[in-house]
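Undergrad: Got upload04.cif for you, mmCIF, C-alpha atoms:
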```cif
data_run
#
loop_
_atom_site.group_PDB
_atom_site.id
_atom_site.type_symbol
_atom_site.label_atom_id
_atom_site.label_comp_id
_atom_site.auth_asym_id
_atom_site.auth_seq_id
_atom_site.Cartn_x
_atom_site.Cartn_y
_atom_site.Cartn_z
ATOM 1 C CA MET A 1217 -64.246 -36.901 44.431
ATOM 2 C CA THR A 1218 -62.532 -36.047 47.711
ATOM 3 C CA ASP A 1219 -59.285 -35.148 45.908
ATOM 4 C CA ALA A 1220 -60.990 -33.182 43.114
ATOM 5 C CA LEU A 1221 -60.279 -29.550 42.371
ATOM 6 C CA PHE A 1222 -62.852 -27.063 41.126
ATOM 7 C CA ILE A 1223 -62.053 -23.975 39.105
ATOM 8 C CA GLY A 1224 -64.447 -21.129 38.402
ATOM 9 C CA ILE A 1225 -63.832 -18.740 35.511
ATOM 10 C CA ASP A 1226 -65.491 -15.347 35.254
ATOM 11 C CA GLY A 1227 -64.861 -14.282 31.670
ATOM 12 C CA GLY A 1228 -65.572 -10.773 30.435
ATOM 13 C CA GLY A 1229 -64.655 -8.523 27.559
ATOM 14 C CA THR A 1230 -61.532 -7.106 29.219
ATOM 15 C CA HIS A 1231 -60.129 -10.046 31.168
ATOM 16 C CA CYS A 1232 -61.050 -13.282 32.902
ATOM 17 C CA ARG A 1233 -60.544 -14.264 36.524
ATOM 18 C CA ALA A 1234 -60.005 -17.767 37.855
ATOM 19 C CA ARG A 1235 -60.396 -19.246 41.326
ATOM 20 C CA ILE A 1236 -59.563 -22.779 42.420
ATOM 21 C CA ARG A 1237 -61.100 -24.481 45.463
ATOM 22 C CA ASP A 1238 -60.598 -27.996 46.745
ATOM 23 C CA ALA A 1239 -63.384 -30.491 47.447
ATOM 24 C CA GLN A 1240 -63.777 -29.098 50.971
ATOM 25 C CA GLY A 1241 -64.238 -25.560 49.662
ATOM 26 C CA ALA A 1242 -60.860 -24.207 50.764
ATOM 27 C CA LEU A 1243 -59.277 -21.571 48.530
ATOM 28 C CA VAL A 1244 -56.295 -22.891 46.578
ATOM 29 C CA GLY A 1245 -55.364 -19.963 44.351
ATOM 30 C CA GLU A 1246 -56.531 -17.230 42.009
ATOM 31 C CA GLY A 1247 -55.278 -15.920 38.677
ATOM 32 C CA ARG A 1248 -56.107 -13.717 35.733
ATOM 33 C CA GLY A 1249 -56.048 -14.086 31.973
ATOM 34 C CA GLY A 1250 -56.962 -12.105 28.888
ATOM 35 C CA PRO A 1251 -60.410 -11.295 27.466
ATOM 36 C CA ALA A 1252 -62.916 -14.134 27.401
ATOM 37 C CA ASN A 1253 -65.986 -12.903 25.571
ATOM 38 C CA ILE A 1254 -67.128 -15.732 23.288
ATOM 39 C CA ARG A 1255 -67.565 -13.288 20.413
ATOM 40 C CA LEU A 1256 -63.805 -12.627 20.374
ATOM 41 C CA GLY A 1257 -63.189 -16.097 18.931
ATOM 42 C CA PRO A 1258 -62.928 -19.558 20.508
ATOM 43 C CA GLU A 1259 -59.135 -19.838 20.372
ATOM 44 C CA THR A 1260 -58.681 -16.431 22.003
ATOM 45 C CA VAL A 1261 -61.102 -17.304 24.785
ATOM 46 C CA MET A 1262 -59.572 -20.715 25.451
ATOM 47 C CA ALA A 1263 -56.088 -19.200 25.603
ATOM 48 C CA SER A 1264 -57.295 -16.649 28.158
ATOM 49 C CA ILE A 1265 -58.966 -19.334 30.257
ATOM 50 C CA LEU A 1266 -55.894 -21.570 30.269
ATOM 51 C CA ALA A 1267 -53.646 -18.643 31.163
ATOM 52 C CA ALA A 1268 -55.896 -17.776 34.104
ATOM 53 C CA ALA A 1269 -56.075 -21.428 35.197
ATOM 54 C CA ARG A 1270 -52.289 -21.803 35.139
ATOM 55 C CA ALA A 1271 -51.858 -18.552 37.049
ATOM 56 C CA ALA A 1272 -54.349 -19.701 39.703
ATOM 57 C CA ALA A 1273 -52.592 -23.072 39.959
ATOM 58 C CA ALA A 1274 -49.212 -21.381 40.337
ATOM 59 C CA ALA A 1275 -50.633 -19.109 43.052
ATOM 60 C CA GLY A 1276 -51.677 -22.260 44.913
ATOM 61 C CA ASN A 1277 -48.259 -23.885 44.450
ATOM 62 C CA LEU A 1278 -49.726 -26.454 42.096
ATOM 63 C CA GLY A 1279 -47.896 -27.723 39.045
ATOM 64 C CA GLU A 1280 -49.511 -27.288 35.646
ATOM 65 C CA GLU A 1281 -50.246 -31.027 35.537
ATOM 66 C CA ASN A 1282 -52.938 -30.461 38.192
ATOM 67 C CA VAL A 1283 -55.115 -28.687 35.636
ATOM 68 C CA HIS A 1284 -56.230 -32.163 34.579
ATOM 69 C CA ARG A 1285 -57.754 -32.676 38.055
ATOM 70 C CA MET A 1286 -59.884 -29.559 37.815
ATOM 71 C CA HIS A 1287 -63.594 -29.573 37.113
ATOM 72 C CA ALA A 1288 -64.152 -26.257 35.372
ATOM 73 C CA GLY A 1289 -67.150 -23.982 35.485
ATOM 74 C CA LEU A 1290 -66.912 -21.321 32.801
ATOM 75 C CA GLY A 1291 -69.090 -18.223 33.021
ATOM 76 C CA LEU A 1292 -68.365 -16.417 29.763
ATOM 77 C CA ALA A 1293 -69.633 -13.178 28.291
ATOM 78 C CA GLY A 1294 -71.298 -13.782 24.939
ATOM 79 C CA ALA A 1295 -72.115 -17.428 25.712
ATOM 80 C CA ALA A 1296 -75.747 -16.816 24.826
ATOM 81 C CA GLN A 1297 -74.663 -16.673 21.167
ATOM 82 C CA SER A 1298 -75.147 -20.241 19.983
ATOM 83 C CA LYS A 1299 -72.772 -20.319 16.974
ATOM 84 C CA PRO A 1300 -69.587 -19.048 18.663
ATOM 85 C CA LEU A 1301 -70.463 -21.095 21.748
ATOM 86 C CA ALA A 1302 -70.656 -24.278 19.666
ATOM 87 C CA LEU A 1303 -67.251 -23.503 18.148
ATOM 88 C CA PHE A 1304 -65.790 -22.939 21.593
ATOM 89 C CA LYS A 1305 -67.209 -26.209 22.934
ATOM 90 C CA SER A 1306 -65.615 -28.094 20.042
ATOM 91 C CA LEU A 1307 -62.105 -27.123 21.166
ATOM 92 C CA PRO A 1308 -59.973 -29.605 23.140
ATOM 93 C CA HIS A 1309 -59.311 -28.744 26.779
ATOM 94 C CA PRO A 1310 -57.237 -30.205 29.627
ATOM 95 C CA PHE A 1311 -59.888 -30.133 32.369
ATOM 96 C CA ALA A 1312 -61.502 -33.130 34.081
ATOM 97 C CA SER A 1313 -64.919 -31.783 33.082
ATOM 98 C CA VAL A 1314 -66.296 -28.520 31.734
ATOM 99 C CA SER A 1315 -69.638 -26.776 32.107
ATOM 100 C CA VAL A 1316 -70.268 -23.510 30.277
ATOM 101 C CA ASP A 1317 -72.905 -20.847 30.740
ATOM 102 C CA THR A 1318 -73.157 -17.099 30.462
ATOM 103 C CA ASP A 1319 -71.251 -14.871 32.840
ATOM 104 C CA ALA A 1320 -74.648 -13.516 33.882
ATOM 105 C CA TYR A 1321 -75.813 -16.950 35.027
ATOM 106 C CA THR A 1322 -72.711 -17.713 37.081
ATOM 107 C CA ALA A 1323 -72.803 -14.201 38.549
ATOM 108 C CA TRP A 1324 -76.440 -14.788 39.525
ATOM 109 C CA LEU A 1325 -75.631 -18.218 40.948
ATOM 110 C CA GLY A 1326 -72.902 -16.737 43.130
ATOM 111 C CA ALA A 1327 -74.861 -13.659 44.176
ATOM 112 C CA THR A 1328 -78.008 -15.541 45.196
ATOM 113 C CA GLU A 1329 -76.618 -19.033 45.859
ATOM 114 C CA GLY A 1330 -79.514 -20.277 43.733
ATOM 115 C CA ALA A 1331 -82.308 -18.334 45.458
ATOM 116 C CA GLU A 1332 -84.786 -16.155 43.566
ATOM 117 C CA GLY A 1333 -83.510 -12.711 42.750
ATOM 118 C CA ALA A 1334 -81.723 -10.706 40.120
ATOM 119 C CA ILE A 1335 -78.301 -9.335 39.364
ATOM 120 C CA LEU A 1336 -77.152 -6.420 37.253
ATOM 121 C CA ILE A 1337 -73.614 -6.573 35.931
ATOM 122 C CA LEU A 1338 -72.072 -3.161 35.309
ATOM 123 C CA GLY A 1339 -68.595 -3.657 33.896
ATOM 124 C CA THR A 1340 -67.056 -3.386 30.443
ATOM 125 C CA GLY A 1341 -70.518 -4.466 29.291
ATOM 126 C CA SER A 1342 -73.804 -4.640 31.141
ATOM 127 C CA CYS A 1343 -76.430 -7.315 31.556
ATOM 128 C CA GLY A 1344 -79.387 -7.980 33.812
ATOM 129 C CA PHE A 1345 -80.309 -11.508 34.841
ATOM 130 C CA ALA A 1346 -83.056 -12.910 37.047
ATOM 131 C CA VAL A 1347 -84.536 -16.250 37.965
ATOM 132 C CA VAL A 1348 -88.166 -16.029 39.037
ATOM 133 C CA GLU A 1349 -90.216 -19.148 39.778
ATOM 134 C CA GLY A 1350 -87.600 -21.233 38.009
ATOM 135 C CA THR A 1351 -87.664 -19.191 34.805
ATOM 136 C CA ARG A 1352 -84.584 -17.382 33.525
ATOM 137 C CA HIS A 1353 -84.799 -13.808 32.318
ATOM 138 C CA SER A 1354 -81.847 -12.126 30.612
ATOM 139 C CA ILE A 1355 -81.979 -8.402 29.876
ATOM 140 C CA GLY A 1356 -79.499 -6.635 27.616
ATOM 141 C CA GLY A 1357 -75.935 -7.799 27.240
ATOM 142 C CA TYR A 1358 -75.925 -7.732 23.440
ATOM 143 C CA GLY A 1359 -72.705 -5.751 23.097
ATOM 144 C CA SER A 1360 -71.907 -2.065 23.307
ATOM 145 C CA ILE A 1361 -72.741 -1.313 19.665
ATOM 146 C CA ILE A 1362 -76.467 -1.940 20.162
ATOM 147 C CA SER A 1363 -76.894 -2.511 23.910
ATOM 148 C CA ASP A 1364 -75.102 -2.455 27.283
ATOM 149 C CA GLY A 1365 -76.387 0.802 28.736
ATOM 150 C CA GLY A 1366 -74.561 1.861 31.886
ATOM 151 C CA SER A 1367 -71.427 -0.035 30.893
ATOM 152 C CA GLY A 1368 -67.837 1.111 30.746
ATOM 153 C CA ALA A 1369 -67.697 0.586 26.990
ATOM 154 C CA VAL A 1370 -70.711 2.813 26.397
ATOM 155 C CA ILE A 1371 -69.505 5.458 28.864
ATOM 156 C CA GLY A 1372 -66.076 5.565 27.215
ATOM 157 C CA ARG A 1373 -67.527 5.697 23.715
ATOM 158 C CA GLU A 1374 -69.840 8.536 24.728
ATOM 159 C CA GLY A 1375 -66.921 10.459 26.214
ATOM 160 C CA LEU A 1376 -65.026 10.262 22.938
ATOM 161 C CA ARG A 1377 -68.140 11.177 20.983
ATOM 162 C CA ARG A 1378 -68.569 14.281 23.134
ATOM 163 C CA ALA A 1379 -64.903 15.138 22.617
ATOM 164 C CA VAL A 1380 -65.292 14.972 18.833
ATOM 165 C CA LEU A 1381 -68.427 17.119 19.019
ATOM 166 C CA ALA A 1382 -66.533 19.678 21.081
ATOM 167 C CA PHE A 1383 -63.697 19.666 18.534
ATOM 168 C CA ASP A 1384 -66.156 20.542 15.778
ATOM 169 C CA GLU A 1385 -67.872 23.104 18.046
ATOM 170 C CA LEU A 1386 -71.086 21.097 17.856
ATOM 171 C CA GLY A 1387 -71.172 20.482 21.588
ATOM 172 C CA PRO A 1388 -69.844 22.014 24.802
ATOM 173 C CA ARG A 1389 -66.144 22.035 25.529
ATOM 174 C CA SER A 1390 -64.958 21.131 29.032
ATOM 175 C CA ALA A 1391 -61.940 19.882 30.932
ATOM 176 C CA LEU A 1392 -63.047 16.336 30.069
ATOM 177 C CA THR A 1393 -63.277 16.917 26.329
ATOM 178 C CA ASP A 1394 -59.889 18.680 26.410
ATOM 179 C CA ALA A 1395 -58.355 15.731 28.298
ATOM 180 C CA LEU A 1396 -59.759 13.150 25.900
ATOM 181 C CA LEU A 1397 -58.691 15.102 22.827
ATOM 182 C CA GLY A 1398 -55.273 15.614 24.373
ATOM 183 C CA HIS A 1399 -54.879 11.862 24.754
ATOM 184 C CA PHE A 1400 -54.977 11.645 20.943
ATOM 185 C CA GLY A 1401 -52.849 14.734 20.293
ATOM 186 C CA HIS A 1402 -55.990 16.796 19.574
ATOM 187 C CA SER A 1403 -56.404 14.834 16.338
ATOM 188 C CA VAL A 1404 -59.865 13.575 15.436
ATOM 189 C CA GLU A 1405 -58.258 11.538 12.667
ATOM 190 C CA ALA A 1406 -56.249 9.704 15.343
ATOM 191 C CA ILE A 1407 -59.449 9.017 17.294
ATOM 192 C CA VAL A 1408 -61.137 7.604 14.195
ATOM 193 C CA ASP A 1409 -58.175 5.347 13.391
ATOM 194 C CA TRP A 1410 -58.093 4.127 16.982
ATOM 195 C CA ALA A 1411 -61.857 3.564 17.170
ATOM 196 C CA ASP A 1412 -61.852 1.486 13.976
ATOM 197 C CA VAL A 1413 -59.927 -1.283 15.750
ATOM 198 C CA ALA A 1414 -60.819 -0.612 19.405
ATOM 199 C CA THR A 1415 -62.394 -3.298 21.584
ATOM 200 C CA PRO A 1416 -65.110 -2.662 24.200
ATOM 201 C CA GLY A 1417 -62.364 -2.868 26.805
ATOM 202 C CA ASP A 1418 -60.406 -0.158 24.982
ATOM 203 C CA PHE A 1419 -63.398 2.189 25.123
ATOM 204 C CA ALA A 1420 -63.988 1.293 28.769
ATOM 205 C CA SER A 1421 -60.407 2.300 29.620
ATOM 206 C CA PHE A 1422 -61.530 5.950 29.445
ATOM 207 C CA THR A 1423 -64.303 5.469 32.010
ATOM 208 C CA PRO A 1424 -62.119 6.196 35.083
ATOM 209 C CA THR A 1425 -61.175 9.543 33.529
ATOM 210 C CA ILE A 1426 -64.829 10.378 32.904
ATOM 211 C CA LEU A 1427 -65.808 9.370 36.437
ATOM 212 C CA ALA A 1428 -63.037 11.501 37.913
ATOM 213 C CA HIS A 1429 -64.153 14.542 35.943
ATOM 214 C CA ALA A 1430 -67.777 13.925 36.931
ATOM 215 C CA ALA A 1431 -66.755 13.838 40.600
ATOM 216 C CA ALA A 1432 -65.047 17.203 40.063
ATOM 217 C CA GLY A 1433 -68.244 18.675 38.624
ATOM 218 C CA ASP A 1434 -67.323 18.723 34.929
ATOM 219 C CA PRO A 1435 -70.653 19.319 33.139
ATOM 220 C CA VAL A 1436 -69.985 17.037 30.175
ATOM 221 C CA ALA A 1437 -68.737 14.206 32.364
ATOM 222 C CA THR A 1438 -71.658 14.678 34.753
ATOM 223 C CA ALA A 1439 -74.134 14.389 31.896
ATOM 224 C CA ILE A 1440 -72.490 11.191 30.655
ATOM 225 C CA ILE A 1441 -72.485 9.492 34.059
ATOM 226 C CA ALA A 1442 -76.028 10.642 34.856
ATOM 227 C CA ALA A 1443 -77.209 9.128 31.563
ATOM 228 C CA ALA A 1444 -75.384 5.872 32.324
ATOM 229 C CA ALA A 1445 -77.021 5.708 35.759
ATOM 230 C CA ALA A 1446 -80.417 6.334 34.192
ATOM 231 C CA GLU A 1447 -79.852 3.379 31.855
ATOM 232 C CA ALA A 1448 -78.867 1.225 34.838
ATOM 233 C CA ASP A 1449 -82.050 2.391 36.596
ATOM 234 C CA THR A 1450 -84.074 1.247 33.592
ATOM 235 C CA LEU A 1451 -82.499 -2.212 33.744
ATOM 236 C CA ILE A 1452 -83.186 -2.477 37.488
ATOM 237 C CA THR A 1453 -86.808 -1.406 36.982
ATOM 238 C CA ARG A 1454 -87.272 -4.094 34.326
ATOM 239 C CA LEU A 1455 -85.775 -6.815 36.542
ATOM 240 C CA LEU A 1456 -88.132 -5.861 39.367
ATOM 241 C CA ALA A 1457 -91.093 -5.844 36.974
ATOM 242 C CA LEU A 1458 -90.244 -9.447 36.049
ATOM 243 C CA GLY A 1459 -90.847 -10.387 39.684
ATOM 244 C CA ALA A 1460 -87.344 -10.294 41.158
ATOM 245 C CA PRO A 1461 -87.599 -9.161 44.793
ATOM 246 C CA THR A 1462 -84.085 -7.732 44.907
ATOM 247 C CA VAL A 1463 -81.158 -6.857 42.633
ATOM 248 C CA ALA A 1464 -77.477 -7.345 43.437
ATOM 249 C CA LEU A 1465 -75.125 -5.010 41.589
ATOM 250 C CA LEU A 1466 -71.913 -6.556 40.289
ATOM 251 C CA GLY A 1467 -68.944 -5.490 38.201
ATOM 252 C CA GLY A 1468 -66.344 -2.779 38.341
ATOM 253 C CA LEU A 1469 -68.864 0.051 37.826
ATOM 254 C CA ALA A 1470 -71.350 -1.141 40.447
ATOM 255 C CA GLY A 1471 -69.698 0.922 43.170
ATOM 256 C CA PRO A 1472 -69.020 4.100 41.160
ATOM 257 C CA LEU A 1473 -72.537 4.235 39.664
ATOM 258 C CA THR A 1474 -74.473 3.356 42.838
ATOM 259 C CA PRO A 1475 -74.509 6.947 44.214
ATOM 260 C CA TRP A 1476 -76.001 8.134 40.926
ATOM 261 C CA LEU A 1477 -78.942 5.692 40.990
ATOM 262 C CA SER A 1478 -82.517 6.635 41.872
ATOM 263 C CA PRO A 1479 -84.004 6.188 45.365
ATOM 264 C CA HIS A 1480 -86.310 3.494 43.933
ATOM 265 C CA ALA A 1481 -83.296 1.483 42.766
ATOM 266 C CA HIS A 1482 -81.563 1.906 46.130
ATOM 267 C CA ASP A 1483 -84.612 0.453 47.890
ATOM 268 C CA HIS A 1484 -84.136 -2.886 46.107
ATOM 269 C CA ILE A 1485 -80.355 -3.245 45.941
ATOM 270 C CA VAL A 1486 -78.800 -5.988 48.083
ATOM 271 C CA ALA A 1487 -75.279 -7.254 48.589
ATOM 272 C CA ALA A 1488 -74.190 -10.332 46.647
ATOM 273 C CA ARG A 1489 -73.662 -13.453 48.778
ATOM 274 C CA ALA A 1490 -70.670 -14.531 46.687
ATOM 275 C CA ASP A 1491 -69.040 -13.512 43.434
ATOM 276 C CA ALA A 1492 -69.183 -14.879 39.906
ATOM 277 C CA MET A 1493 -66.102 -17.091 40.345
ATOM 278 C CA ASP A 1494 -67.709 -18.909 43.262
ATOM 279 C CA GLY A 1495 -70.900 -19.120 41.207
ATOM 280 C CA ALA A 1496 -68.907 -20.790 38.436
ATOM 281 C CA ILE A 1497 -67.362 -23.167 40.992
ATOM 282 C CA LEU A 1498 -70.840 -24.097 42.232
ATOM 283 C CA MET A 1499 -71.867 -24.805 38.629
ATOM 284 C CA ALA A 1500 -68.760 -26.955 38.157
ATOM 285 C CA GLN A 1501 -69.564 -28.907 41.318
ATOM 286 C CA GLN A 1502 -73.147 -29.503 40.228
ATOM 287 C CA HIS A 1503 -71.988 -30.643 36.787
ATOM 288 C CA ALA A 1504 -69.288 -32.929 38.206
ATOM 289 C CA MET A 1505 -71.781 -34.568 40.548
ATOM 290 C CA THR A 1506 -74.156 -35.155 37.641
ATOM 291 C CA CYS A 1507 -71.358 -36.732 35.606
ATOM 292 C CA ALA A 1508 -70.362 -38.941 38.543
ATOM 293 C CA SER A 1509 -73.968 -40.034 38.977
ATOM 294 C CA ASP A 1510 -74.294 -40.824 35.279
ATOM 295 C CA LEU A 1511 -71.180 -43.029 35.463
ATOM 296 C CA SER A 1512 -72.182 -44.850 38.661
ATOM 297 C CA PRO A 1513 -73.201 -48.549 38.452
ATOM 298 C CA ARG A 1514 -76.879 -49.130 37.764
ATOM 299 C CA ILE A 1515 -78.873 -51.464 40.017
ATOM 300 C CA ARG A 1516 -81.187 -53.452 37.852
ATOM 301 C CA PRO A 1517 -84.281 -55.275 39.152
#
```
Translate this file's structure into structure tokens.
TA:
Amino acid sequence: MTDALFIGIDGGGTHCRARIRDAQGALVGEGRGGPANIRLGPETVMASILAAARAAAAAGNLGEENVHRMHAGLGLAGAAQSKPLALFKSLPHPFASVSVDTDAYTAWLGATEGAEGAILILGTGSCGFAVVEGTRHSIGGYGSIISDGGSGAVIGREGLRRAVLAFDELGPRSALTDALLGHFGHSVEAIVDWADVATPGDFASFTPTILAHAAAGDPVATAIIAAAAAEADTLITRLLALGAPTVALLGGLAGPLTPWLSPHAHDHIVAARADAMDGAILMAQQHAMTCASDLSPRIRP
């Protein structure tokens, strides 16, 4: 397998990222594709993965035909849902081999390099994951409608909810609520029409605006971000209670929310050793080695 290529995919609700390394671990190229949450549909996810793989190959000056040399590790949001995962696995693919797990697992594998500990992903969605004494523990990550506290989707949805309340004079008005209403021409009907078809990533697109207003002292924005941090604190506390000695924060909101976390959470936060793409590559390498071992000649007595 000295000429093999390994590609790691970190697939979330907004986009997926791909990284290719050669058998010696050298970086070949990186690329991006569309959303890759399993719940969005198998064809959509596969298209996003292939787009990211081709972009990473092109960045490494590799022709598209080299995709067939790649052993792929796919860390995908929503992969804990067995039915859509089975549909996804039934699709044809061009890779040399494929291993699939949740984005939480590959993020954990990268962050800890397989050692005991926990991770908390704070991105479009949120999810806690720990491995303690060989046992997996997954916390949250069920989607922003019923779960995913501290996530961009929930923060964005709450911002719009507060804006609608302000419009009806059922809640406080602020610069944030004015800005969010202004985005929709001060029409609640427009917000409702938009929300009916919006994805978690669409809701999360308002999170930077809410964070900016919170940094400026806007009371509504401050309340939203403080509540999100409290939900992240709750997830961290649960991961520690499961026996994880430390928690690595990952995702686009890890940095912005860290200053809002409690002192107790800060005492247990550590830096990730590597990211989710390298975790997915490590999974691909482990899977490829297992496949190679299974295909090796047997010595019979």
Undergrad: On this file, the PyMOL selection byres ((chain A and resi 1350) around 12) gives some set of residues; write that set as a list in words.
TA: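 With the PyMOL selection byres ((chain A and resi 1350) around 12) on this model, the match is Gly1330, Ala1331, Glu1332, Gly1333, Ala1346, Val1347, Val1348, Glu1349, Thr1351, Arg1352, His1353, Gly1459 and Ala1460 of chain A.
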Undergrad: Expressed in Å to a single decimal, how great is the separation between CA of Asp1364 in chain A and CA of Ser1342 in chain A?
TA: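 Rounded to one decimal, the two atoms are 4.6 Å apart.
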Undergrad: Which residues, written as a compact mmCIF listing (two decimals) with C-alpha atoms, in the coordinates of the input, have at least one atom at most 8 Å from Ala1320 in chain A, with all atoms listed in the file counted and residues fewer than 6 positions away on the same chain left out?
TA:
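Just written: part-v3.txt:
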```txt
# COMPACT_ATOMS: atom_id res chain seq x y z
CA GLY A 1291 -69.09 -18.22 33.02
CA ALA A 1293 -69.63 -13.18 28.29
CA ILE A 1335 -78.30 -9.34 39.36
CA ILE A 1337 -73.61 -6.57 35.93
CA CYS A 1343 -76.43 -7.32 31.56
CA GLY A 1344 -79.39 -7.98 33.81
CA PHE A 1345 -80.31 -11.51 34.84
```
Undergrad: Please report the interatomic distance between CA of Ala1242 in chain A and CA of Val1261 in chain A in Å with one decimal.
TA: 26.9 Å
Undergrad: Which polymer residues, protein or nucleic acid, are no farther than 6 Å from (-57.5, -25.1, 20.3), counting all atoms listed in the file, as a PyMOL selection string?
TA: chain A and resi 1259+1307-1308
Undergrad: What would the file look like if the residues just selected were written as a PDB file, in the frame of the given file with C-alpha atoms?
TA:
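The result, written out as selection-v5.pdb:
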```
ATOM      1  CA  GLU A1259     -59.135 -19.838  20.372  1.00  0.00           C
ATOM      2  CA  LEU A1307     -62.105 -27.123  21.166  1.00  0.00           C
ATOM      3  CA  PRO A1308     -59.973 -29.605  23.140  1.00  0.00           C
TER       4      PRO A1308
END
```
Undergrad: Between A:Arg1285, A:Gly1279, A:Ala1327, A:Ile1225, single out the one closest to Met1262 in chain A, counting all atoms listed in the file.
TA: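 Among the listed residues, A:Ile1225 lies closest to Met1262 in chain A.
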Undergrad: Please compute the CA of Gly1341 in chain A-CA of Arg1489 in chain A distance, one decimal, in Å.
TA: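 Computing the Euclidean distance for CA of Gly1341 in chain A and CA of Arg1489 in chain A yields 21.7 Å.
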Undergrad: Apply the PyMOL selection byres ((chain A and resi 1338) around 10) to the displayed file and report the matching residues as a ChimeraX atom specification.
TA: /A:1335-1337,1339-1344,1364-1368,1448,1465-1473
